[in-house]
Amino acid sequence: NNVDIMALRARRHFDILNFEECLRVTRSILSRDPFVDKRVLLVHLAALVELDERHELFVIAHTLVEKSPREACSWLAVGYYYFSCSKFELARRYLQKATSLYARLGPAWLAIGHAFASQDESDHAMAAYRTASRLLPNAPLPPLFMGMEYVRQSSLTHASSFFQIAREACPMDPAPRHELGVVAYRT
């Protein structure tokens with residue numbers, strides 16, 4: 001029942017793509033202590049996006065903006081909501097507001113990259129992913145997403161090198177291996 005242990009468990013479930021269990025754990029943590037470490041809130045919001053829980057995202061975003069409009073997490077939640085609704089320009093606007101309040105918010109930069117990538121704006125997406133990569137060193141997601149953008153641009157050599165970086169950062173993650181298989185198939 002230790003909140004720190006539960007937070008680690010939630011993060012682990014998120015990392016292995018068990019979003020339902022992650023959400024169950026983060027809901028339990030937030031119901032006990034809504035002012036717990038922001039990292040729990042970040043994992044909770046990301047799990048909501050992954051599970052397409054728009055209503056809960058809307059409620060949380062509205063509550064956060066109302067209670068703490070000067071917090072980057074509040075605007076990150078709003079950006080996540082609009083992203084989940086496929087309103088990518090609005091998502092980018094609010095995600096950029098989050099980064100203007102706290103420029104080192106790596107998840108916001110990843111989401112900005114996704115919003116640009118969803119509209120086939122690879123150059124802007126790559127810039128956002130590079131920023132996320134600097135802010136989240138040794139994390140597998142930024143190089144994975146940069147590799148995916150290189151695949152979309154048919155630059156398979158570059159893509160392969162980024163997938164290798166992602167694979168080295170998290171050897172048990174199947175996503176980089178899958179993407180390396182895509183590159184091998186296309187070459």
# chains A, B, ... in the order shown; residues from 1 in each chain; ligands from 1
>>> residues_around(residues="segment 124-138 of chain A", least_positions_apart="5", cutoff="6 Å", atoms="only C-alpha atoms", output="number ranges by chain")
A: 106, 109-110, 113, 116-117, 169
>>> write_last_selection(atoms="all heavy atoms", output="mmCIF file, in the first residue's frame")
data_model
loop_
_atom_site.group_PDB
_atom_site.id
_atom_site.type_symbol
_atom_site.label_atom_id
_atom_site.label_comp_id
_atom_site.auth_asym_id
_atom_site.auth_seq_id
_atom_site.Cartn_x
_atom_site.Cartn_y
_atom_site.Cartn_z
ATOM 1 N N GLY A 106 9.166 16.521 -20.984
ATOM 2 C CA GLY A 106 9.400 15.588 -22.087
ATOM 3 C C GLY A 106 8.143 14.999 -22.710
ATOM 4 O O GLY A 106 8.011 14.953 -23.934
ATOM 5 N N TRP A 109 6.616 17.263 -25.247
ATOM 6 C CA TRP A 109 7.342 17.314 -26.515
ATOM 7 C C TRP A 109 7.049 16.087 -27.367
ATOM 8 O O TRP A 109 6.928 16.192 -28.596
ATOM 9 C CB TRP A 109 8.837 17.478 -26.269
ATOM 10 C CG TRP A 109 9.178 18.860 -25.802
ATOM 11 C CD1 TRP A 109 9.498 19.247 -24.542
ATOM 12 C CD2 TRP A 109 9.189 20.052 -26.599
ATOM 13 N NE1 TRP A 109 9.717 20.603 -24.503
ATOM 14 C CE2 TRP A 109 9.536 21.123 -25.760
ATOM 15 C CE3 TRP A 109 8.934 20.303 -27.942
ATOM 16 C CZ2 TRP A 109 9.638 22.427 -26.213
ATOM 17 C CZ3 TRP A 109 9.046 21.617 -28.403
ATOM 18 C CH2 TRP A 109 9.391 22.659 -27.545
ATOM 19 N N LEU A 110 6.933 14.916 -26.732
ATOM 20 C CA LEU A 110 6.556 13.716 -27.487
ATOM 21 C C LEU A 110 5.176 13.888 -28.112
ATOM 22 O O LEU A 110 4.961 13.548 -29.276
ATOM 23 C CB LEU A 110 6.566 12.481 -26.579
ATOM 24 C CG LEU A 110 7.907 11.897 -26.214
ATOM 25 C CD1 LEU A 110 7.736 10.771 -25.196
ATOM 26 C CD2 LEU A 110 8.630 11.388 -27.446
ATOM 27 N N GLY A 113 5.243 16.139 -31.037
ATOM 28 C CA GLY A 113 5.738 15.382 -32.184
ATOM 29 C C GLY A 113 4.653 14.514 -32.802
ATOM 30 O O GLY A 113 4.508 14.455 -34.026
ATOM 31 N N PHE A 116 2.207 16.712 -34.773
ATOM 32 C CA PHE A 116 2.762 17.088 -36.080
ATOM 33 C C PHE A 116 2.792 15.885 -37.013
ATOM 34 O O PHE A 116 2.446 16.000 -38.194
ATOM 35 C CB PHE A 116 4.171 17.667 -35.926
ATOM 36 C CG PHE A 116 4.208 19.120 -35.568
ATOM 37 C CD1 PHE A 116 4.846 19.546 -34.416
ATOM 38 C CD2 PHE A 116 3.625 20.081 -36.383
ATOM 39 C CE1 PHE A 116 4.899 20.891 -34.081
ATOM 40 C CE2 PHE A 116 3.661 21.426 -36.056
ATOM 41 C CZ PHE A 116 4.302 21.834 -34.897
ATOM 42 N N ALA A 117 3.202 14.733 -36.505
ATOM 43 C CA ALA A 117 3.275 13.529 -37.341
ATOM 44 C C ALA A 117 1.894 13.130 -37.851
ATOM 45 O O ALA A 117 1.766 12.653 -38.986
ATOM 46 C CB ALA A 117 3.900 12.380 -36.564
ATOM 47 N N ALA A 169 18.182 0.922 -25.523
ATOM 48 C CA ALA A 169 17.668 1.604 -24.334
ATOM 49 C C ALA A 169 16.705 0.713 -23.550
ATOM 50 O O ALA A 169 16.642 0.800 -22.326
ATOM 51 C CB ALA A 169 16.966 2.906 -24.723
#
>>> select_by_dssp(residues="segment 51-159 of chain A", states="helix (DSSP H, G or I)", output="JSON, numbers by chain")
{"A": [54, 55, 56, 57, 58, 59, 60, 61, 62, 63, 64, 65, 66, 67, 72, 73, 74, 75, 76, 77, 78, 79, 80, 81, 82, 83, 84, 88, 89, 90, 91, 92, 93, 94, 95, 96, 97, 98, 99, 100, 101, 106, 107, 108, 109, 110, 111, 112, 113, 114, 115, 116, 117, 118, 122, 123, 124, 125, 126, 127, 128, 129, 130, 131, 132, 133, 134, 135, 141, 142, 143, 144, 145, 146, 147, 148, 149, 150, 151, 152, 156, 157, 158, 159]}
>>> closest_atom_pairs(of="segment 8-42 of chain A", to="segment 73-81 of chain A", cutoff="9 Å", atoms="only C-alpha atoms", output="tab-separated table")
residue	atom	partner	partner_atom	distance
A:Lys38	CA	A:Cys73	CA	7.8
A:Leu41	CA	A:Cys73	CA	8.1
A:Leu42	CA	A:Cys73	CA	7.4
>>> closest_residue(among="A:Lys87, A:Phe35, A:Gln164, A:Ala7", to="Ser68 of chain A", atoms="only C-alpha atoms")
A:Phe35
>>> residues_around(residues="Gly181 of chain A", least_positions_apart="5", cutoff="12 Å", atoms="only C-alpha atoms", output="JSON, numbers by chain")
{"A": [151, 156, 159, 160, 163, 164, 174, 175, 176, 186, 187]}
>>> residues_around(residues="segment 43-47 of chain A", least_positions_apart="4", cutoff="10 Å", atoms="only C-alpha atoms", output="PyMOL selection string")
chain A and resi 7+10-11+13-15+17-27+29-30+38-39+51-53+56-57+60-61+73+76-77+80-81+107+111
>>> closest_residue(among="A:Phe162, A:Tyr150, A:Tyr94, A:Phe83", to="Gln119 of chain A", atoms="only C-alpha atoms")
A:Phe83
>>> atom_distance(atom1="atom CA of Ser86 of chain A", atom2="atom CA of Ser118 of chain A")
8.6 Å
>>> atom_distance(atom1="atom CA of Ala72 of chain A", atom2="atom CA of Asp33 of chain A")
19.4 Å
>>> atom_distance(atom1="atom CA of Leu105 of chain A", atom2="atom CA of Ser155 of chain A")
28.6 Å
